[in-house]
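Asks: Take a look at the following structure, please.
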Amino acid sequence: MPCTCVRQTDLPNTSAIAADVFYHPERTAAFFRHPLRDLDSFRAAAREINFPAVQRAALVAALGPRNPGSRSLDRLAEPGTVAVVTGQQVGLFSGPAYTAYKALHAARLAAWLTEQGIPAVPVFWLATQDHDFAEVNHAWVFDKHHRPHKLEMRRSAGSQPVGEIALAAPPIDELRASLAGLPFADEVASLTAAAYQPGSTMGRAFGDLLHSLLAKFDILQVDPLLPAFRQLAAPVLRSAVEAAPELSAAILARNQELSAAGYHAQVHVEEQTSLFFLLESGKRLALRRHGSEYVLNGRRFSSQELQDRAESLSPNALLRPVVQDSILPSAASILGPAEMAYLAQSEVIYRAIPGRMPVAVPRAGFTILDAHSQKLLDRYGLTLTDFFEGEDSIRNRVAARLIPPAVAGALRETADTVGRAVDRLRGELGTFDPTLAQALDRSARKIRYQIGKVEGKAGREAMRRDARATEDAASLSGLLCPERHLQERLYSILPFLARHGLGLLDQVYEAIQLDCPDHRMMVV
């Protein structure tokens, strides 16, 4: 299982704050309670947790129905046990592959902390309260030729929390058709079909599939829409409503601090921004804050009214992790790059309400490829970063490798000869007439362009003669950078399991390096 490290800063769309969290945590220390990710930081975060026996018993009771027979639940019931928490939106067919990587990272870190004398269990927060159905109603998979396929579950748009949306003809047949020909396709499709049963919901099916795939890692699941968890969250939400003006002012000040440090605020906040949504009549409704009051479609709510309805409130993106880590004994949180940026803003809320905060740990990231694909990369001299320029660029690079050596050598020699001759002539013309030297430069650019054009034509002719190379370029692009996205951010984990078997999850778990923030290319 060879792995190659790729720096996060070499990946597309890595923000400045995420890059510094990865490699220069001292620069972002002011925005996190525990800026480092060493054993001392985890111990400090664990010491800050004051979790009374009554609160722990209530949490264990709330977790019981979703996690029957869990050894992790038994351990969590013991005084002093902490949680390593992660989570994700409840996307169709488990969402992007990094969902599984987050869960495995939480399990790996919890096991290591336990070995170091900090008893810990992994917990996965199902983001069932979100209401953007367009973000979760689809999944991407690939076929045996690494061609991307988008699978989608359609329904009318609405404001209902996505976790409560009843399954309407999930595309199981389309999944089977897309995975056909992959060695473990039938097993993976059957597991998925068992989870995505008619009558289930997006939240339940997502959790069931994740549990069936990761059962051996015994990761506890939290569904915040369940009444028991809404009761647990109510005191935190009540405190947040009461302190809302101060919290909003603190967030706005934090945003200015981030900007002054050269970073950006991940979540846009205005003075009227509410930290809450109202759950009412099966919908998640946006509130706007006006001083001490809140407005919803012409209706007005006082702060006290919302406090009285705390069990019907749902937190926004900045308050959600605070609610999560207030009702859980969280010592560490496994986060994606955007979530790390959220937390830099949320730190001021953590400071005001629970008075503690977990260690923020960047999630593990992987690009998975088979041995044949690795051989193709070696044959054509390609690296992962080459694929970020798109498939056309890959075809050109492959084409350049296919040009006969004699032709390629002659083209290079011609370009070098022209370059030396132009340099010599420019020197002579410069002393004779500078305007002629400028004209020469324009002509030289045209000559170099024409030579490059001939080289491109030679490459395309080589590709035409070698149809296999064209297929190789398409296959590699479809696998490594589908739709110009990093593999883990687009594809579900399902096609990788269909190709390599469920044992792939064990291999990913073993490949997670807790002390390394790099993205990893793993050959299976």
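Chain identifiers are assigned as A, B, and so on, following the order in which chains appear in the structure tokens; residues are numbered from 1 within each chain, and ligands are numbered from 1 in order of appearance.
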I need the strand (DSSP E or B) residues of segment 208-277 of chain A per DSSP on the backbone, written as an NGL selection string.
Replies: :A and (220-222 or 273-277)
Asks: Determine, counting only C-alpha atoms, which protein, DNA and RNA residues have an atom within 9 Å of an atom of segment 175-186 of chain A; residues of the same chain fewer than 3 positions away are not included. Present the result as a list in words.
Replies: Val141, Phe142, Asp143, Lys144, Pro148, His149, Leu151, Pro171, Ile172, Ala189, Ser190, Leu191, Leu494, Pro495, Leu497, Ala498, Arg499, His500, Gly501 and Leu502 of chain A
Asks: Go ahead and dump the residues you just picked, N, CA, C and O atoms, as a PDB file, in the first residue's frame.
Replies:
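result_30.pdb written:
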ATOM      1  N   VAL A 141     -20.305   8.712  -8.945  1.00  0.00           N
ATOM      2  CA  VAL A 141     -19.556   7.457  -8.958  1.00  0.00           C
ATOM      3  C   VAL A 141     -18.841   7.340 -10.301  1.00  0.00           C
ATOM      4  O   VAL A 141     -19.056   8.150 -11.201  1.00  0.00           O
ATOM      5  N   PHE A 142     -17.976   6.345 -10.431  1.00  0.00           N
ATOM      6  CA  PHE A 142     -17.345   6.095 -11.731  1.00  0.00           C
ATOM      7  C   PHE A 142     -17.571   4.656 -12.149  1.00  0.00           C
ATOM      8  O   PHE A 142     -17.851   3.785 -11.322  1.00  0.00           O
ATOM      9  N   ASP A 143     -17.458   4.418 -13.464  1.00  0.00           N
ATOM     10  CA  ASP A 143     -17.622   3.061 -13.981  1.00  0.00           C
ATOM     11  C   ASP A 143     -16.254   2.400 -14.145  1.00  0.00           C
ATOM     12  O   ASP A 143     -15.227   2.943 -13.710  1.00  0.00           O
ATOM     13  N   LYS A 144     -16.215   1.248 -14.789  1.00  0.00           N
ATOM     14  CA  LYS A 144     -14.959   0.501 -14.899  1.00  0.00           C
ATOM     15  C   LYS A 144     -13.925   1.203 -15.760  1.00  0.00           C
ATOM     16  O   LYS A 144     -12.739   0.860 -15.727  1.00  0.00           O
ATOM     17  N   PRO A 148     -17.084   9.469 -15.039  1.00  0.00           N
ATOM     18  CA  PRO A 148     -17.948   9.938 -13.950  1.00  0.00           C
ATOM     19  C   PRO A 148     -19.424   9.812 -14.296  1.00  0.00           C
ATOM     20  O   PRO A 148     -19.835  10.049 -15.441  1.00  0.00           O
ATOM     21  N   HIS A 149     -20.223   9.438 -13.302  1.00  0.00           N
ATOM     22  CA  HIS A 149     -21.671   9.370 -13.447  1.00  0.00           C
ATOM     23  C   HIS A 149     -22.306  10.073 -12.256  1.00  0.00           C
ATOM     24  O   HIS A 149     -21.976   9.772 -11.103  1.00  0.00           O
ATOM     25  N   LEU A 151     -25.531  10.531 -10.015  1.00  0.00           N
ATOM     26  CA  LEU A 151     -26.791   9.899  -9.629  1.00  0.00           C
ATOM     27  C   LEU A 151     -27.562  10.892  -8.778  1.00  0.00           C
ATOM     28  O   LEU A 151     -27.000  11.514  -7.874  1.00  0.00           O
ATOM     29  N   PRO A 171     -31.748   6.286  -6.540  1.00  0.00           N
ATOM     30  CA  PRO A 171     -31.294   5.686  -7.803  1.00  0.00           C
ATOM     31  C   PRO A 171     -30.411   4.443  -7.610  1.00  0.00           C
ATOM     32  O   PRO A 171     -29.252   4.420  -8.040  1.00  0.00           O
ATOM     33  N   ILE A 172     -30.964   3.430  -7.001  1.00  0.00           N
ATOM     34  CA  ILE A 172     -30.218   2.191  -6.769  1.00  0.00           C
ATOM     35  C   ILE A 172     -29.918   1.479  -8.091  1.00  0.00           C
ATOM     36  O   ILE A 172     -28.792   0.982  -8.306  1.00  0.00           O
ATOM     37  N   ALA A 189     -23.484  -2.462  -3.975  1.00  0.00           N
ATOM     38  CA  ALA A 189     -24.841  -2.045  -4.334  1.00  0.00           C
ATOM     39  C   ALA A 189     -25.877  -2.645  -3.380  1.00  0.00           C
ATOM     40  O   ALA A 189     -26.858  -1.985  -3.004  1.00  0.00           O
ATOM     41  N   SER A 190     -25.667  -3.881  -2.980  1.00  0.00           N
ATOM     42  CA  SER A 190     -26.613  -4.521  -2.059  1.00  0.00           C
ATOM     43  C   SER A 190     -26.593  -3.857  -0.685  1.00  0.00           C
ATOM     44  O   SER A 190     -27.649  -3.646  -0.066  1.00  0.00           O
ATOM     45  N   LEU A 191     -25.412  -3.519  -0.188  1.00  0.00           N
ATOM     46  CA  LEU A 191     -25.316  -2.804   1.084  1.00  0.00           C
ATOM     47  C   LEU A 191     -26.034  -1.458   1.008  1.00  0.00           C
ATOM     48  O   LEU A 191     -26.733  -1.042   1.932  1.00  0.00           O
ATOM     49  N   LEU A 494     -18.268   4.778  -2.597  1.00  0.00           N
ATOM     50  CA  LEU A 494     -18.810   3.516  -3.101  1.00  0.00           C
ATOM     51  C   LEU A 494     -18.050   2.953  -4.305  1.00  0.00           C
ATOM     52  O   LEU A 494     -17.769   1.741  -4.336  1.00  0.00           O
ATOM     53  N   PRO A 495     -17.714   3.736  -5.341  1.00  0.00           N
ATOM     54  CA  PRO A 495     -17.005   3.117  -6.466  1.00  0.00           C
ATOM     55  C   PRO A 495     -15.624   2.593  -6.094  1.00  0.00           C
ATOM     56  O   PRO A 495     -15.148   1.610  -6.677  1.00  0.00           O
ATOM     57  N   LEU A 497     -14.891   1.244  -3.182  1.00  0.00           N
ATOM     58  CA  LEU A 497     -15.156  -0.032  -2.526  1.00  0.00           C
ATOM     59  C   LEU A 497     -15.569  -1.081  -3.547  1.00  0.00           C
ATOM     60  O   LEU A 497     -15.233  -2.266  -3.410  1.00  0.00           O
ATOM     61  N   ALA A 498     -16.284  -0.644  -4.588  1.00  0.00           N
ATOM     62  CA  ALA A 498     -16.680  -1.584  -5.634  1.00  0.00           C
ATOM     63  C   ALA A 498     -15.480  -2.085  -6.419  1.00  0.00           C
ATOM     64  O   ALA A 498     -15.478  -3.212  -6.923  1.00  0.00           O
ATOM     65  N   ARG A 499     -14.447  -1.285  -6.523  1.00  0.00           N
ATOM     66  CA  ARG A 499     -13.237  -1.713  -7.233  1.00  0.00           C
ATOM     67  C   ARG A 499     -12.308  -2.519  -6.340  1.00  0.00           C
ATOM     68  O   ARG A 499     -11.742  -3.541  -6.753  1.00  0.00           O
ATOM     69  N   HIS A 500     -12.132  -2.080  -5.085  1.00  0.00           N
ATOM     70  CA  HIS A 500     -11.090  -2.663  -4.236  1.00  0.00           C
ATOM     71  C   HIS A 500     -11.617  -3.515  -3.096  1.00  0.00           C
ATOM     72  O   HIS A 500     -10.831  -4.198  -2.422  1.00  0.00           O
ATOM     73  N   GLY A 501     -12.929  -3.502  -2.836  1.00  0.00           N
ATOM     74  CA  GLY A 501     -13.483  -4.288  -1.751  1.00  0.00           C
ATOM     75  C   GLY A 501     -13.579  -3.483  -0.459  1.00  0.00           C
ATOM     76  O   GLY A 501     -12.919  -2.452  -0.283  1.00  0.00           O
ATOM     77  N   LEU A 502     -14.397  -3.974   0.467  1.00  0.00           N
ATOM     78  CA  LEU A 502     -14.612  -3.270   1.729  1.00  0.00           C
ATOM     79  C   LEU A 502     -13.348  -3.195   2.572  1.00  0.00           C
ATOM     80  O   LEU A 502     -13.226  -2.324   3.439  1.00  0.00           O
TER      81      LEU A 502
END
Asks: My list of candidates is A:Gly298, A:Gly91, A:Gly430, A:Gly419. Which is closest to Ile447 of chain A when distances are computed with only C-alpha atoms?
Replies: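 Smallest distance to Ile447 of chain A is found for A:Gly419.
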Asks: Compile the contact shell of Ala169 of chain A as a ChimeraX atom specification: residues with an atom at most 12 Å away, counting only C-alpha atoms, same-chain residues fewer than 4 positions apart removed.
Replies: /A:92,137,151-155,173-174,193,196-202
Asks: Fewer than 4 positions away in the same chain doesn't count, so skip those; otherwise give me all residues within 9 Å of Ser94 of chain A, counting only C-alpha atoms, as a PyMOL selection string.
Replies: chain A and resi 89-90+99-100+139+205-207+209-210+492-494
Asks: Give me, as a VMD selection string, the residues of segment 337-467 of chain A that a backbone DSSP run labels alpha helix (DSSP H).
Replies: chain A and resid 337 to 352 371 to 380 391 to 402 405 to 432 434 to 465 467
Asks: Residues near segment 355-357 of chain A, anyone? I mean within 8 Å using only C-alpha atoms, not counting same-chain ones fewer than 3 positions away, as number ranges by chain.
Replies: A: 33-34, 45, 48-49, 325, 330-331, 347, 350-352
Asks: Export N, CA, C and O atoms of the chosen residues as a PDB file, in the first residue's frame?
Replies:
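The resulting file, selection22.pdb, is reproduced below:
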ATOM      1  N   ARG A  33      -8.400  28.012  20.522  1.00  0.00           N
ATOM      2  CA  ARG A  33      -8.068  27.843  21.942  1.00  0.00           C
ATOM      3  C   ARG A  33      -6.852  26.932  22.107  1.00  0.00           C
ATOM      4  O   ARG A  33      -6.014  27.146  22.996  1.00  0.00           O
ATOM      5  N   HIS A  34      -6.776  25.909  21.269  1.00  0.00           N
ATOM      6  CA  HIS A  34      -5.645  24.974  21.298  1.00  0.00           C
ATOM      7  C   HIS A  34      -5.043  24.939  19.890  1.00  0.00           C
ATOM      8  O   HIS A  34      -5.413  24.071  19.084  1.00  0.00           O
ATOM      9  N   ALA A  45      -7.244  20.058  26.501  1.00  0.00           N
ATOM     10  CA  ALA A  45      -8.660  20.105  26.120  1.00  0.00           C
ATOM     11  C   ALA A  45      -9.485  19.138  26.956  1.00  0.00           C
ATOM     12  O   ALA A  45     -10.619  19.446  27.362  1.00  0.00           O
ATOM     13  N   GLU A  48     -10.251  20.458  30.483  1.00  0.00           N
ATOM     14  CA  GLU A  48     -11.238  21.537  30.546  1.00  0.00           C
ATOM     15  C   GLU A  48     -12.684  21.024  30.589  1.00  0.00           C
ATOM     16  O   GLU A  48     -13.598  21.775  30.917  1.00  0.00           O
ATOM     17  N   ILE A  49     -12.875  19.764  30.239  1.00  0.00           N
ATOM     18  CA  ILE A  49     -14.235  19.231  30.135  1.00  0.00           C
ATOM     19  C   ILE A  49     -14.792  18.944  31.518  1.00  0.00           C
ATOM     20  O   ILE A  49     -14.258  18.127  32.257  1.00  0.00           O
ATOM     21  N   ASP A 325     -20.324  20.606  20.596  1.00  0.00           N
ATOM     22  CA  ASP A 325     -19.259  20.358  21.578  1.00  0.00           C
ATOM     23  C   ASP A 325     -19.658  20.752  22.992  1.00  0.00           C
ATOM     24  O   ASP A 325     -18.893  20.522  23.926  1.00  0.00           O
ATOM     25  N   SER A 330     -16.278  16.807  24.030  1.00  0.00           N
ATOM     26  CA  SER A 330     -15.387  16.807  22.863  1.00  0.00           C
ATOM     27  C   SER A 330     -13.986  17.316  23.227  1.00  0.00           C
ATOM     28  O   SER A 330     -13.824  18.469  23.646  1.00  0.00           O
ATOM     29  N   ALA A 331     -12.992  16.470  23.013  1.00  0.00           N
ATOM     30  CA  ALA A 331     -11.602  16.879  23.196  1.00  0.00           C
ATOM     31  C   ALA A 331     -10.931  17.181  21.869  1.00  0.00           C
ATOM     32  O   ALA A 331      -9.902  17.863  21.832  1.00  0.00           O
ATOM     33  N   GLU A 347     -14.735  30.554  17.515  1.00  0.00           N
ATOM     34  CA  GLU A 347     -13.971  30.512  18.768  1.00  0.00           C
ATOM     35  C   GLU A 347     -14.476  31.523  19.781  1.00  0.00           C
ATOM     36  O   GLU A 347     -14.486  31.263  20.999  1.00  0.00           O
ATOM     37  N   TYR A 350     -17.416  29.893  21.498  1.00  0.00           N
ATOM     38  CA  TYR A 350     -16.939  28.893  22.451  1.00  0.00           C
ATOM     39  C   TYR A 350     -16.486  29.568  23.747  1.00  0.00           C
ATOM     40  O   TYR A 350     -16.760  29.092  24.853  1.00  0.00           O
ATOM     41  N   ARG A 351     -15.776  30.655  23.587  1.00  0.00           N
ATOM     42  CA  ARG A 351     -15.235  31.354  24.746  1.00  0.00           C
ATOM     43  C   ARG A 351     -16.352  31.870  25.648  1.00  0.00           C
ATOM     44  O   ARG A 351     -16.243  31.849  26.878  1.00  0.00           O
ATOM     45  N   ALA A 352     -17.458  32.307  25.041  1.00  0.00           N
ATOM     46  CA  ALA A 352     -18.542  32.926  25.800  1.00  0.00           C
ATOM     47  C   ALA A 352     -19.490  31.920  26.430  1.00  0.00           C
ATOM     48  O   ALA A 352     -20.027  32.167  27.508  1.00  0.00           O
TER      49      ALA A 352
END
Asks: Within 12 Å of segment 63-86 of chain A, which residues of segment 182-260 of chain A show up? Give each one with its shortest atom-to-atom distance in Å (one decimal) and the two atoms involved, counting only C-alpha atoms, rows by chain then rising residue number, as CSV.
Replies:
residue,atom,partner,partner_atom,distance
A:Gly203,CA,A:Arg66,CA,11.6
A:Arg204,CA,A:Arg66,CA,9.4
A:Gly207,CA,A:Arg66,CA,9.0
A:Asp208,CA,A:Arg66,CA,9.5
A:His211,CA,A:Asn67,CA,9.3
A:Ala215,CA,A:Ser70,CA,9.6
A:Lys216,CA,A:Ser70,CA,10.4
A:Phe217,CA,A:Ser72,CA,9.2
A:Asp218,CA,A:Ser72,CA,6.2
A:Ile219,CA,A:Ser72,CA,7.1
A:Leu220,CA,A:Asn67,CA,6.2
A:Gln221,CA,A:Arg66,CA,6.7
A:Val222,CA,A:Leu63,CA,6.7
A:Asp223,CA,A:Arg66,CA,8.1
A:Pro224,CA,A:Leu63,CA,10.3
A:Leu226,CA,A:Arg66,CA,9.8
A:Pro227,CA,A:Leu63,CA,11.3
A:Ala228,CA,A:Leu63,CA,8.6
A:Phe229,CA,A:Leu63,CA,8.5
A:Leu232,CA,A:Leu63,CA,11.2
